[in-house]
$ cat my_file-v9.txt   # compact mmCIF, C-alpha atoms
# COMPACT_ATOMS: atom_id res chain seq x y z
CA MET A 1 12.59 -14.28 22.16
CA ALA A 2 9.77 -12.62 20.14
CA LYS A 3 10.45 -12.07 16.45
CA ASN A 4 9.92 -8.72 14.73
CA LEU A 5 7.31 -8.54 11.97
CA THR A 6 9.60 -6.63 9.63
CA ALA A 7 11.74 -9.75 9.47
CA GLY A 8 8.66 -11.79 8.63
CA GLY A 9 7.77 -12.56 12.23
CA VAL A 10 5.33 -10.89 14.58
CA GLU A 11 5.37 -7.75 16.67
CA ASP A 12 3.21 -6.95 19.74
CA LEU A 13 1.38 -10.27 19.63
CA PRO A 14 -1.33 -11.30 19.87
CA ALA A 15 -3.07 -7.94 20.48
CA GLU A 16 -2.27 -6.53 17.05
CA LEU A 17 -3.64 -9.54 15.23
CA ASN A 18 -6.61 -9.80 17.54
CA ALA A 19 -7.43 -6.27 16.43
CA MET A 20 -8.13 -7.81 13.04
CA SER A 21 -11.50 -8.90 14.36
CA VAL A 22 -13.95 -9.71 11.64
CA ASN A 23 -16.91 -7.41 11.11
CA SER A 24 -20.05 -9.50 10.54
CA ASN A 25 -21.18 -7.01 7.86
CA SER A 26 -18.01 -7.62 5.84
CA LEU A 27 -19.37 -10.18 3.40
CA VAL A 28 -17.00 -11.98 1.02
CA VAL A 29 -18.80 -13.61 -1.92
CA CYS A 30 -16.86 -16.39 -3.66
CA PHE A 31 -17.84 -17.30 -7.23
CA GLY A 32 -16.96 -20.40 -9.24
CA GLU A 33 -16.70 -24.16 -9.04
CA MET A 34 -17.40 -26.62 -6.26
CA LEU A 35 -16.80 -30.29 -6.93
CA ILE A 36 -15.95 -33.67 -5.46
CA ASP A 37 -12.26 -34.60 -5.23
CA PHE A 38 -11.44 -38.29 -5.13
CA VAL A 39 -8.06 -38.85 -3.49
CA PRO A 40 -6.25 -42.20 -3.10
CA THR A 41 -6.43 -43.83 0.32
CA VAL A 42 -2.62 -44.22 0.18
CA GLY A 43 -0.02 -41.62 -0.75
CA GLY A 44 2.66 -41.61 -3.42
CA VAL A 45 0.81 -43.60 -6.08
CA SER A 46 -0.47 -42.83 -9.56
CA LEU A 47 -4.22 -42.80 -10.16
CA ALA A 48 -3.94 -46.17 -11.90
CA GLU A 49 -2.06 -47.69 -8.93
CA ALA A 50 -4.46 -46.38 -6.26
CA PRO A 51 -6.21 -49.25 -4.44
CA ALA A 52 -9.20 -47.09 -3.45
CA PHE A 53 -10.33 -43.46 -3.32
CA LYS A 54 -11.86 -41.27 -0.63
CA LYS A 55 -14.25 -38.46 -1.59
CA ALA A 56 -13.69 -34.92 -0.37
CA PRO A 57 -15.34 -31.57 -1.16
CA GLY A 58 -13.21 -29.38 -3.42
CA GLY A 59 -13.12 -26.34 -5.68
CA ALA A 60 -10.94 -23.33 -4.89
CA PRO A 61 -13.66 -20.63 -4.52
CA ALA A 62 -15.68 -22.89 -2.20
CA ASN A 63 -12.55 -23.65 -0.15
CA VAL A 64 -11.96 -19.92 0.27
CA ALA A 65 -15.57 -19.34 1.39
CA VAL A 66 -15.30 -22.07 4.05
CA GLY A 67 -11.86 -20.80 5.11
CA ILE A 68 -13.21 -17.29 5.73
CA SER A 69 -16.12 -18.66 7.75
CA ARG A 70 -13.77 -20.84 9.88
CA LEU A 71 -11.77 -17.71 10.67
CA GLY A 72 -14.92 -16.03 11.98
CA GLY A 73 -15.74 -14.07 8.83
CA SER A 74 -18.88 -13.75 6.76
CA SER A 75 -18.90 -15.54 3.39
CA ALA A 76 -21.19 -16.77 0.63
CA PHE A 77 -20.70 -19.06 -2.36
CA ILE A 78 -22.22 -18.67 -5.83
CA GLY A 79 -21.97 -21.56 -8.28
CA LYS A 80 -23.77 -24.51 -9.81
CA VAL A 81 -23.74 -28.20 -8.93
CA GLY A 82 -25.75 -31.13 -10.20
CA ASP A 83 -29.24 -31.98 -9.03
CA ASP A 84 -27.72 -35.15 -7.57
CA GLU A 85 -26.52 -36.63 -4.29
CA PHE A 86 -23.07 -35.07 -4.57
CA GLY A 87 -24.50 -31.63 -5.35
CA TYR A 88 -26.75 -31.65 -2.30
CA MET A 89 -23.89 -32.99 -0.18
CA LEU A 90 -21.75 -30.00 -1.20
CA ALA A 91 -24.53 -27.51 -0.48
CA ASP A 92 -24.96 -29.09 2.94
CA ILE A 93 -21.21 -28.90 3.66
CA LEU A 94 -21.31 -25.15 3.01
CA LYS A 95 -24.33 -24.77 5.28
CA GLN A 96 -22.64 -26.79 8.05
CA ASN A 97 -19.67 -24.40 7.80
CA ASN A 98 -21.87 -21.28 8.07
CA VAL A 99 -21.35 -20.27 4.45
CA ASP A 100 -24.38 -18.65 2.80
CA ASN A 101 -25.30 -21.09 0.00
CA SER A 102 -28.42 -19.26 -1.21
CA GLY A 103 -26.60 -18.39 -4.45
CA MET A 104 -26.11 -22.06 -5.38
CA ARG A 105 -28.05 -23.50 -8.31
CA PHE A 106 -28.77 -27.15 -9.19
CA ASP A 107 -28.62 -28.40 -12.77
CA HIS A 108 -31.11 -31.10 -13.80
CA SER A 109 -29.20 -32.32 -16.85
CA ALA A 110 -25.51 -32.14 -15.86
CA ARG A 111 -23.76 -33.84 -12.97
CA THR A 112 -21.66 -32.36 -10.18
CA ALA A 113 -18.02 -32.19 -11.35
CA LEU A 114 -15.62 -34.91 -10.20
CA ALA A 115 -11.82 -34.75 -10.02
CA PHE A 116 -9.46 -37.60 -9.25
CA VAL A 117 -6.31 -36.13 -7.70
CA THR A 118 -3.11 -37.78 -6.52
CA LEU A 119 0.39 -36.75 -5.46
CA ARG A 120 2.71 -39.27 -7.10
CA ALA A 121 5.95 -40.53 -5.54
CA ASP A 122 7.93 -38.12 -7.76
CA GLY A 123 6.07 -35.18 -6.19
CA GLU A 124 4.03 -34.39 -9.30
CA ARG A 125 0.30 -33.90 -8.90
CA GLU A 126 -1.89 -35.87 -11.29
CA PHE A 127 -5.44 -34.78 -12.20
CA LEU A 128 -8.25 -36.56 -14.00
CA PHE A 129 -11.39 -34.42 -14.42
CA PHE A 130 -14.94 -35.51 -15.24
CA ARG A 131 -16.56 -32.38 -16.70
CA HIS A 132 -18.24 -33.27 -20.01
CA PRO A 133 -19.94 -30.94 -19.24
CA SER A 134 -20.38 -30.64 -15.49
CA ALA A 135 -23.00 -28.53 -13.76
CA ASP A 136 -20.60 -25.74 -12.75
CA MET A 137 -19.95 -24.96 -16.44
CA ARG A 138 -23.68 -24.45 -17.07
CA LEU A 139 -24.40 -21.56 -14.70
CA LEU A 140 -26.47 -18.95 -16.55
CA GLU A 141 -26.32 -15.19 -16.13
CA SER A 142 -30.09 -15.29 -15.43
CA GLU A 143 -29.43 -17.59 -12.44
CA LEU A 144 -27.14 -15.13 -10.63
CA ASP A 145 -28.28 -13.93 -7.20
CA ILE A 146 -27.82 -10.24 -7.97
CA ASN A 147 -28.75 -9.00 -4.48
CA LEU A 148 -26.19 -11.33 -2.90
CA ILE A 149 -23.46 -10.08 -5.26
CA LYS A 150 -24.37 -6.45 -4.52
CA ARG A 151 -23.91 -7.10 -0.78
CA ALA A 152 -20.31 -8.25 -1.24
CA LYS A 153 -17.60 -6.11 0.28
CA ILE A 154 -15.17 -8.42 -1.57
CA PHE A 155 -16.04 -10.49 -4.65
CA HIS A 156 -13.57 -13.36 -5.12
CA TYR A 157 -13.16 -15.63 -8.16
CA GLY A 158 -10.77 -17.82 -10.15
CA SER A 159 -10.30 -18.57 -13.85
CA ILE A 160 -11.84 -22.04 -14.26
CA SER A 161 -15.27 -20.43 -14.61
CA LEU A 162 -13.95 -18.56 -17.70
CA ILE A 163 -13.23 -21.71 -19.72
CA GLU A 164 -16.68 -22.53 -21.09
CA GLU A 165 -19.97 -20.83 -21.89
CA PRO A 166 -22.48 -20.15 -20.46
CA CYS A 167 -20.53 -19.92 -17.17
CA LYS A 168 -18.03 -17.47 -18.69
CA SER A 169 -20.77 -14.92 -19.44
CA ALA A 170 -22.25 -15.41 -15.97
CA HIS A 171 -18.79 -14.83 -14.45
CA LEU A 172 -18.23 -11.60 -16.41
CA ALA A 173 -21.71 -10.34 -15.54
CA ALA A 174 -21.19 -11.08 -11.83
CA MET A 175 -17.89 -9.16 -11.88
CA LYS A 176 -19.62 -6.19 -13.51
CA ILE A 177 -22.40 -6.18 -10.89
CA ALA A 178 -19.88 -6.45 -8.03
CA LYS A 179 -17.68 -3.67 -9.43
CA GLY A 180 -20.70 -1.44 -9.94
CA SER A 181 -21.72 -1.99 -6.32
CA GLY A 182 -18.31 -0.92 -5.01
CA SER A 183 -16.97 -4.40 -4.19
CA ILE A 184 -13.24 -5.11 -4.15
CA LEU A 185 -12.51 -7.67 -6.90
CA SER A 186 -10.17 -10.46 -5.75
CA TYR A 187 -8.65 -12.83 -8.34
CA ASP A 188 -6.74 -16.08 -7.85
CA PRO A 189 -6.19 -17.57 -11.33
CA ASN A 190 -5.64 -21.06 -9.87
CA LEU A 191 -4.19 -22.45 -13.12
CA ARG A 192 -5.44 -25.95 -14.03
CA LEU A 193 -3.98 -26.54 -17.50
CA PRO A 194 -5.75 -29.89 -18.16
CA LEU A 195 -9.10 -28.07 -18.12
CA TRP A 196 -8.17 -25.57 -20.85
CA PRO A 197 -8.20 -26.40 -24.58
CA SER A 198 -4.54 -25.32 -24.89
CA GLU A 199 -1.77 -23.43 -23.09
CA GLU A 200 -2.41 -20.39 -25.27
CA ALA A 201 -6.15 -20.47 -24.47
CA ALA A 202 -5.31 -20.65 -20.75
CA ARG A 203 -2.90 -17.73 -20.93
CA LYS A 204 -5.32 -15.62 -22.97
CA GLY A 205 -8.34 -16.52 -20.81
CA ILE A 206 -6.60 -15.83 -17.49
CA MET A 207 -5.21 -12.50 -18.72
CA SER A 208 -8.53 -11.41 -20.30
CA ILE A 209 -9.85 -10.14 -16.94
CA TRP A 210 -6.48 -9.32 -15.36
CA ASP A 211 -6.81 -5.54 -15.50
CA GLN A 212 -10.18 -5.51 -13.71
CA ALA A 213 -9.01 -6.96 -10.39
CA ASP A 214 -8.13 -4.88 -7.33
CA LEU A 215 -6.25 -7.77 -5.71
CA ILE A 216 -4.48 -10.65 -7.45
CA LYS A 217 -2.76 -13.65 -5.89
CA VAL A 218 -0.43 -15.76 -8.07
CA SER A 219 2.10 -18.52 -7.45
CA GLU A 220 5.65 -18.61 -8.78
CA ASP A 221 4.70 -21.30 -11.33
CA GLU A 222 1.79 -19.20 -12.57
CA ILE A 223 4.11 -16.21 -13.12
CA THR A 224 6.44 -18.36 -15.23
CA PHE A 225 3.47 -19.63 -17.26
CA LEU A 226 1.75 -16.27 -17.73
CA THR A 227 4.94 -14.44 -18.73
CA GLY A 228 6.08 -17.15 -21.15
CA GLY A 229 8.97 -18.40 -19.04
CA ASP A 230 10.27 -15.28 -17.28
CA ASP A 231 11.95 -15.39 -13.86
CA PRO A 232 9.20 -15.32 -11.17
CA TYR A 233 11.67 -13.89 -8.63
CA ASP A 234 12.48 -10.81 -10.72
CA ASP A 235 10.61 -7.79 -9.37
CA ASN A 236 10.92 -6.06 -12.76
CA VAL A 237 9.12 -8.96 -14.46
CA VAL A 238 6.32 -8.83 -11.90
CA MET A 239 5.89 -5.05 -12.05
CA LYS A 240 6.18 -4.66 -15.84
CA LYS A 241 4.20 -7.70 -16.97
CA LEU A 242 1.70 -8.38 -14.18
CA PHE A 243 1.10 -5.18 -12.22
CA HIS A 244 -1.55 -2.93 -13.78
CA PRO A 245 -2.73 0.65 -13.05
CA ASN A 246 -5.98 -0.39 -11.31
CA LEU A 247 -4.31 -2.96 -9.06
CA LYS A 248 -4.21 -2.22 -5.32
CA LEU A 249 -2.27 -5.35 -4.29
CA LEU A 250 -0.42 -8.16 -6.09
CA ILE A 251 0.63 -11.16 -3.99
CA VAL A 252 3.14 -13.81 -5.09
CA THR A 253 2.96 -16.92 -2.91
CA GLU A 254 6.13 -18.95 -2.35
CA GLY A 255 4.78 -21.97 -0.46
CA SER A 256 6.55 -22.57 2.85
CA GLU A 257 8.86 -19.60 2.19
CA GLY A 258 5.99 -17.12 2.59
CA CYS A 259 4.96 -14.47 0.07
CA ARG A 260 5.93 -11.26 -1.71
CA TYR A 261 3.65 -8.23 -1.99
CA TYR A 262 3.51 -5.34 -4.45
CA THR A 263 1.46 -2.14 -4.28
CA LYS A 264 1.91 1.21 -6.06
CA ALA A 265 3.60 2.60 -2.93
CA PHE A 266 5.64 -0.29 -1.50
CA LYS A 267 6.78 -3.87 -1.92
CA GLY A 268 8.41 -6.54 0.25
CA ARG A 269 8.19 -10.10 1.45
CA VAL A 270 6.86 -11.83 4.55
CA SER A 271 8.30 -15.19 5.58
CA GLY A 272 6.18 -18.23 6.31
CA ILE A 273 5.89 -20.55 9.27
CA LYS A 274 7.73 -23.84 8.78
CA VAL A 275 5.59 -26.92 9.44
CA LYS A 276 5.68 -30.62 8.63
CA ALA A 277 3.56 -30.87 5.47
CA VAL A 278 1.16 -33.80 5.19
CA ASP A 279 -1.00 -32.61 2.28
CA THR A 280 -0.57 -29.31 0.40
CA THR A 281 -4.10 -29.42 -1.09
CA GLY A 282 -5.90 -26.17 -0.38
CA ALA A 283 -2.90 -24.31 1.05
CA GLY A 284 -3.25 -21.48 -1.47
CA ASP A 285 -7.00 -21.25 -0.83
CA ALA A 286 -6.36 -21.13 2.93
CA PHE A 287 -3.85 -18.30 2.37
CA VAL A 288 -6.45 -16.36 0.38
CA SER A 289 -9.10 -16.91 3.07
CA GLY A 290 -6.68 -15.61 5.71
CA LEU A 291 -5.92 -12.48 3.70
CA LEU A 292 -9.52 -11.75 2.68
CA SER A 293 -10.85 -12.24 6.22
CA SER A 294 -8.44 -9.52 7.38
CA LEU A 295 -9.12 -7.27 4.41
CA ALA A 296 -12.92 -7.50 4.76
CA SER A 297 -12.70 -5.93 8.21
CA ASP A 298 -9.99 -3.41 7.30
CA LEU A 299 -10.12 -2.08 3.74
CA LYS A 300 -7.29 0.34 4.52
CA LEU A 301 -4.81 -2.58 4.60
CA PHE A 302 -3.70 -1.69 1.06
CA GLU A 303 -2.40 1.69 2.28
CA ASP A 304 -0.69 0.71 5.55
CA GLU A 305 2.36 -1.48 5.05
CA LYS A 306 2.67 -2.48 8.71
CA ARG A 307 -0.95 -3.69 8.89
CA LEU A 308 -0.64 -5.36 5.49
CA ARG A 309 2.43 -7.31 6.65
CA GLU A 310 0.55 -8.48 9.74
CA ALA A 311 -2.37 -9.62 7.58
CA LEU A 312 0.00 -11.45 5.22
CA PHE A 313 1.75 -13.19 8.09
CA PHE A 314 -1.67 -14.25 9.38
CA ALA A 315 -2.47 -15.55 5.86
CA ASN A 316 0.88 -17.42 5.70
CA ALA A 317 0.11 -19.06 9.05
CA THR A 318 -3.39 -20.02 7.86
CA GLY A 319 -1.90 -21.72 4.81
CA ALA A 320 0.79 -23.44 6.87
CA LEU A 321 -1.67 -24.95 9.34
CA THR A 322 -3.78 -26.31 6.47
CA VAL A 323 -0.95 -28.48 5.10
CA THR A 324 -0.53 -30.26 8.44
CA GLU A 325 -3.74 -32.22 7.87
CA ARG A 326 -5.26 -34.13 4.93
CA GLY A 327 -7.84 -32.57 2.65
CA ALA A 328 -8.63 -28.92 2.00
CA ILE A 329 -11.91 -28.12 3.78
CA PRO A 330 -11.35 -30.48 6.75
CA ALA A 331 -7.92 -28.92 7.36
CA LEU A 332 -8.91 -25.23 7.24
CA PRO A 333 -8.10 -23.72 10.66
CA THR A 334 -10.05 -21.53 13.07
CA LYS A 335 -8.83 -18.04 13.92
CA LYS A 336 -7.85 -19.20 17.42
CA ALA A 337 -5.69 -21.99 15.96
CA VAL A 338 -3.92 -19.50 13.67
CA LEU A 339 -3.30 -16.99 16.47
CA ASP A 340 -2.04 -19.75 18.76
CA ALA A 341 0.40 -20.89 16.05
CA ILE A 342 1.63 -17.33 15.54
CA THR A 343 2.09 -16.82 19.29
CA LYS A 344 4.01 -20.10 19.52
CA PHE A 345 6.20 -19.05 16.58
CA ALA A 346 6.86 -15.62 18.15
CA ALA A 347 7.97 -17.23 21.40
CA SER A 348 10.32 -19.72 19.74

$ encode --input "my_file-v9.txt" --output "C-alpha cells"
Amino acid sequence: MAKNLTAGGVEDLPAELNAMSVNSNSLVVCFGEMLIDFVPTVGGVSLAEAPAFKKAPGGAPANVAVGISRLGGSSAFIGKVGDDEFGYMLADILKQNNVDNSGMRFDHSARTALAFVTLRADGEREFLFFRHPSADMRLLESELDINLIKRAKIFHYGSISLIEEPCKSAHLAAMKIAKGSGSILSYDPNLRLPLWPSEEAARKGIMSIWDQADLIKVSEDEITFLTGGDDPYDDNVVMKKLFHPNLKLLIVTEGSEGCRYYTKAFKGRVSGIKVKAVDTTGAGDAFVSGLLSSLASDLKLFEDEKRLREALFFANATGALTVTERGAIPALPTKKAVLDAITKFAAS
C-alpha cells in the first residue's frame, strides 16, 4: 500500500518526484575544502590499532558537488589543493564526476590536506588532521573565479574555510560576490571541533556568518553545541536562537529518523527511509546534495510546503542510500537509484 507524503512517505510516485528534473542552467557552486581521507581497512578500531589505511577523496563541499552531479544536476567546486599527486588526483576525481573544477587552485608550498578517520568500536568517530597548514587554508581572495561564482544559482559552503586566513577572507569575499549576483546562499556548518582553536572560537566563527544564509542545514548535535547545551528537539530553541529574519529555510537532520524543517510560514518533519547502515560518512553531504539538486531546478520550493516535503523526502532517501556503501563519494547515488528506492518504499 502506498504511503502518504504528509506522514513522511510519498504521494503520486514517481511522477511528482520525476517532475523535479534538473535544469542544466541551475548551477550549484560549492566552496571550501577537499582533502584525502585515510580510513582503516577494518572497522571498529582506533587509529593506533588500524593495521592499514585506504585513501578516499573527502571534504564536505566537494562531496556535495559530486552528489549534485550524480543526481543529474550542474555543479562546480572552488577550493585549493596542493601542487602534488593527491591534489591532482582530487581534481581528476571531480572531472570524472562531471563537476566543473575550473575554480580549483594548486598551492606550490603547502600540501593537500590529509585526515585519518575511524569509527571506533564504541561508536565514536576519531579524527587526526594534517593541516599545518594545508593548501585549502591558503586560498587567496585574488585566486577566486569571480565569473564562476556569479553564475551560481546556489552558492554552498561550510565553516572549516572560516578557521584560518587567508581562506577566511576569500570565503567572505566569495559569499559577497554570490549574494550580489542573486545567488541563494546555502550553509552547512559541518562542525569539526578538532580543527578550531577552541570551542568558543568554533561557536563564534560558525555564528559569524549565520545571518547571511538563505538556507541552513544543521544536525541535532550542532544545535546543542551552538546553543550552549539547549534541547535540539525544542522548536522554541530552534526558532528563537537559530532562525533569523533573512532565512528562507532551516533544516535539522536527525539521521535515520529523517529531518525537521522551519520556514517563516510553516514547519514540520519528514521521516527517513530505514536502511542497514554500513558507513555513515558523507550521509549529511548526500542529504544536502539531494535537497540542493531539487532546489536549483525549483526555487519556489521555499514557498510550497507540499513540494518542499517531497524534496526533503528525496534528500532523506539520498542520504539513506549513501550509508549502505563505504566511503562518501563512491557511495553517492544516482537520481534513478534514489527514485527506485522511494518507489520501493512507497510500495512496501

$ atom_distance --input "my_file-v9.txt" --atom1 "CA of Asp84 (chain A)" --atom2 "CA of Phe127 (chain A)"
22.8 Å

$ axis_aligned_box --input "my_file-v9.txt" --around "region 174-190 of chain A" --padding-each-side "4 Å" --output "JSON"
{"center_x": -14.0, "center_y": -11.0, "center_z": -8.8, "size_x": 24.8, "size_y": 28.1, "size_z": 17.4}

$ atom_distance --input "my_file-v9.txt" --atom1 "CA of Gly319 (chain A)" --atom2 "CA of Ala286 (chain A)"
4.9 Å

$ closest_atom_pairs --input "my_file-v9.txt" --of "region 121-237 of chain A" --to "region 51-75 of chain A" --cutoff "8 Å" --atoms "only C-alpha atoms" --output "Markdown table"
| residue | atom | partner | partner_atom | distance |
| --- | --- | --- | --- | --- |
| A:His156 | CA | A:Pro61 | CA | 7.3 |
| A:Tyr157 | CA | A:Pro61 | CA | 6.2 |
| A:Gly158 | CA | A:Pro61 | CA | 6.9 |
| A:Asn190 | CA | A:Ala60 | CA | 7.6 |

$ closest_residue --input "my_file-v9.txt" --among "A:Ala317, A:Ala152, A:Ala110, A:Ala91" --to "Pro133 (chain A)" --atoms "only C-alpha atoms"
A:Ala110

$ closest_residue --input "my_file-v9.txt" --among "A:Val323, A:Ala213, A:Ala178, A:Ala115" --to "Val275 (chain A)" --atoms "all atoms listed in the file"
A:Val323

$ atom_distance --input "my_file-v9.txt" --atom1 "CA of Ile36 (chain A)" --atom2 "CA of Pro333 (chain A)"
20.5 Å

$ closest_residue --input "my_file-v9.txt" --among "A:Leu27, A:Met34, A:Leu128, A:Ile206" --to "Leu94 (chain A)" --atoms "all atoms listed in the file"
A:Met34

$ residues_around --input "my_file-v9.txt" --residues "Leu114 (chain A)" --least-positions-apart "5" --cutoff "7 Å" --atoms "only C-alpha atoms" --output "ChimeraX atom specification"
/A:35-37,129-130

$ residues_around --input "my_file-v9.txt" --residues "region 140-150 of chain A" --least-positions-apart "4" --cutoff "9 Å" --atoms "all atoms listed in the file" --output "ChimeraX atom specification"
/A:29,76,78-79,102-105,155,165-175,177-183

$ closest_residue --input "my_file-v9.txt" --among "A:Asp230, A:Asp304, A:Glu222, A:Glu164" --to "Leu195 (chain A)" --atoms "all atoms listed in the file"
A:Glu164

$ residues_around --input "my_file-v9.txt" --residues "Leu308 (chain A)" --least-positions-apart "3" --cutoff "10 Å" --atoms "all atoms listed in the file" --output "PDB file with C-alpha atoms, in the frame of the given file"
ATOM      1  CA  LEU A 249      -2.270  -5.350  -4.290  1.00  0.00           C
ATOM      2  CA  TYR A 261       3.650  -8.230  -1.990  1.00  0.00           C
ATOM      3  CA  VAL A 270       6.860 -11.830   4.550  1.00  0.00           C
ATOM      4  CA  LEU A 291      -5.920 -12.480   3.700  1.00  0.00           C
ATOM      5  CA  SER A 294      -8.440  -9.520   7.380  1.00  0.00           C
ATOM      6  CA  LEU A 295      -9.120  -7.270   4.410  1.00  0.00           C
ATOM      7  CA  ASP A 298      -9.990  -3.410   7.300  1.00  0.00           C
ATOM      8  CA  LYS A 300      -7.290   0.340   4.520  1.00  0.00           C
ATOM      9  CA  LEU A 301      -4.810  -2.580   4.600  1.00  0.00           C
ATOM     10  CA  PHE A 302      -3.700  -1.690   1.060  1.00  0.00           C
ATOM     11  CA  GLU A 303      -2.400   1.690   2.280  1.00  0.00           C
ATOM     12  CA  ASP A 304      -0.690   0.710   5.550  1.00  0.00           C
ATOM     13  CA  GLU A 305       2.360  -1.480   5.050  1.00  0.00           C
ATOM     14  CA  ALA A 311      -2.370  -9.620   7.580  1.00  0.00           C
ATOM     15  CA  LEU A 312       0.000 -11.450   5.220  1.00  0.00           C
ATOM     16  CA  PHE A 313       1.750 -13.190   8.090  1.00  0.00           C
ATOM     17  CA  PHE A 314      -1.670 -14.250   9.380  1.00  0.00           C
TER      18      PHE A 314
END

$ residues_around --input "my_file-v9.txt" --residues "Asp279 (chain A)" --least-positions-apart "3" --cutoff "8 Å" --atoms "only C-alpha atoms" --output "ChimeraX atom specification"
/A:323-327

$ closest_residue --input "my_file-v9.txt" --among "A:Val28, A:Ile209, A:Val218, A:Leu292" --to "Pro189 (chain A)" --atoms "all atoms listed in the file"
A:Val218

$ closest_residue --input "my_file-v9.txt" --among "A:Thr118, A:Thr322, A:Ser159, A:Thr227" --to "Phe38 (chain A)" --atoms "all atoms listed in the file"
A:Thr118

$ decode --input "my_file-v9.txt" --residues "region 47-99 of chain A" --atoms "C-alpha atoms" --output "mmCIF file, in the first residue's frame"
data_model
loop_
_atom_site.group_PDB
_atom_site.id
_atom_site.type_symbol
_atom_site.label_atom_id
_atom_site.label_comp_id
_atom_site.auth_asym_id
_atom_site.auth_seq_id
_atom_site.Cartn_x
_atom_site.Cartn_y
_atom_site.Cartn_z
ATOM 1 C CA LEU A 47 43.635 4.860 14.593
ATOM 2 C CA ALA A 48 46.526 3.368 16.575
ATOM 3 C CA GLU A 49 45.102 -0.167 16.236
ATOM 4 C CA ALA A 50 44.419 0.062 12.478
ATOM 5 C CA PRO A 51 46.546 -2.438 10.529
ATOM 6 C CA ALA A 52 46.403 -0.388 7.311
ATOM 7 C CA PHE A 53 44.571 2.551 5.742
ATOM 8 C CA LYS A 54 42.785 3.088 2.443
ATOM 9 C CA LYS A 55 42.725 6.544 0.844
ATOM 10 C CA ALA A 56 39.468 8.161 -0.218
ATOM 11 C CA PRO A 57 38.539 11.629 -1.502
ATOM 12 C CA GLY A 58 36.839 13.766 1.144
ATOM 13 C CA GLY A 59 35.766 17.248 2.162
ATOM 14 C CA ALA A 60 32.104 18.151 2.657
ATOM 15 C CA PRO A 61 31.721 20.862 -0.050
ATOM 16 C CA ALA A 62 33.374 18.596 -2.644
ATOM 17 C CA ASN A 63 31.127 15.690 -1.605
ATOM 18 C CA VAL A 64 28.074 17.905 -2.141
ATOM 19 C CA ALA A 65 29.303 18.976 -5.598
ATOM 20 C CA VAL A 66 29.775 15.337 -6.681
ATOM 21 C CA GLY A 67 26.426 14.363 -5.129
ATOM 22 C CA ILE A 68 24.578 17.008 -7.166
ATOM 23 C CA SER A 69 26.289 15.888 -10.361
ATOM 24 C CA ARG A 70 25.420 12.208 -9.681
ATOM 25 C CA LEU A 71 21.786 13.249 -9.332
ATOM 26 C CA GLY A 72 21.911 14.828 -12.789
ATOM 27 C CA GLY A 73 22.499 18.398 -11.649
ATOM 28 C CA SER A 74 25.059 21.012 -12.595
ATOM 29 C CA SER A 75 27.797 21.728 -10.038
ATOM 30 C CA ALA A 76 31.215 23.323 -9.626
ATOM 31 C CA PHE A 77 33.818 23.276 -6.865
ATOM 32 C CA ILE A 78 36.013 26.162 -5.723
ATOM 33 C CA GLY A 79 38.913 25.457 -3.384
ATOM 34 C CA LYS A 80 42.648 24.902 -3.123
ATOM 35 C CA VAL A 81 44.713 21.727 -3.016
ATOM 36 C CA GLY A 82 48.432 21.105 -3.085
ATOM 37 C CA ASP A 83 50.526 21.078 -6.228
ATOM 38 C CA ASP A 84 51.100 17.383 -5.520
ATOM 39 C CA GLU A 85 49.916 13.934 -6.571
ATOM 40 C CA PHE A 86 46.969 13.970 -4.175
ATOM 41 C CA GLY A 87 45.849 17.414 -5.314
ATOM 42 C CA TYR A 88 45.799 16.418 -8.970
ATOM 43 C CA MET A 89 44.066 13.151 -8.078
ATOM 44 C CA LEU A 90 41.263 15.115 -6.387
ATOM 45 C CA ALA A 91 40.894 17.495 -9.340
ATOM 46 C CA ASP A 92 40.658 14.486 -11.635
ATOM 47 C CA ILE A 93 38.012 12.822 -9.444
ATOM 48 C CA LEU A 94 35.843 15.938 -9.767
ATOM 49 C CA LYS A 95 36.329 15.966 -13.534
ATOM 50 C CA GLN A 96 35.442 12.256 -13.787
ATOM 51 C CA ASN A 97 32.216 13.037 -11.908
ATOM 52 C CA ASN A 98 31.277 15.917 -14.254
ATOM 53 C CA VAL A 99 31.938 18.598 -11.644
#
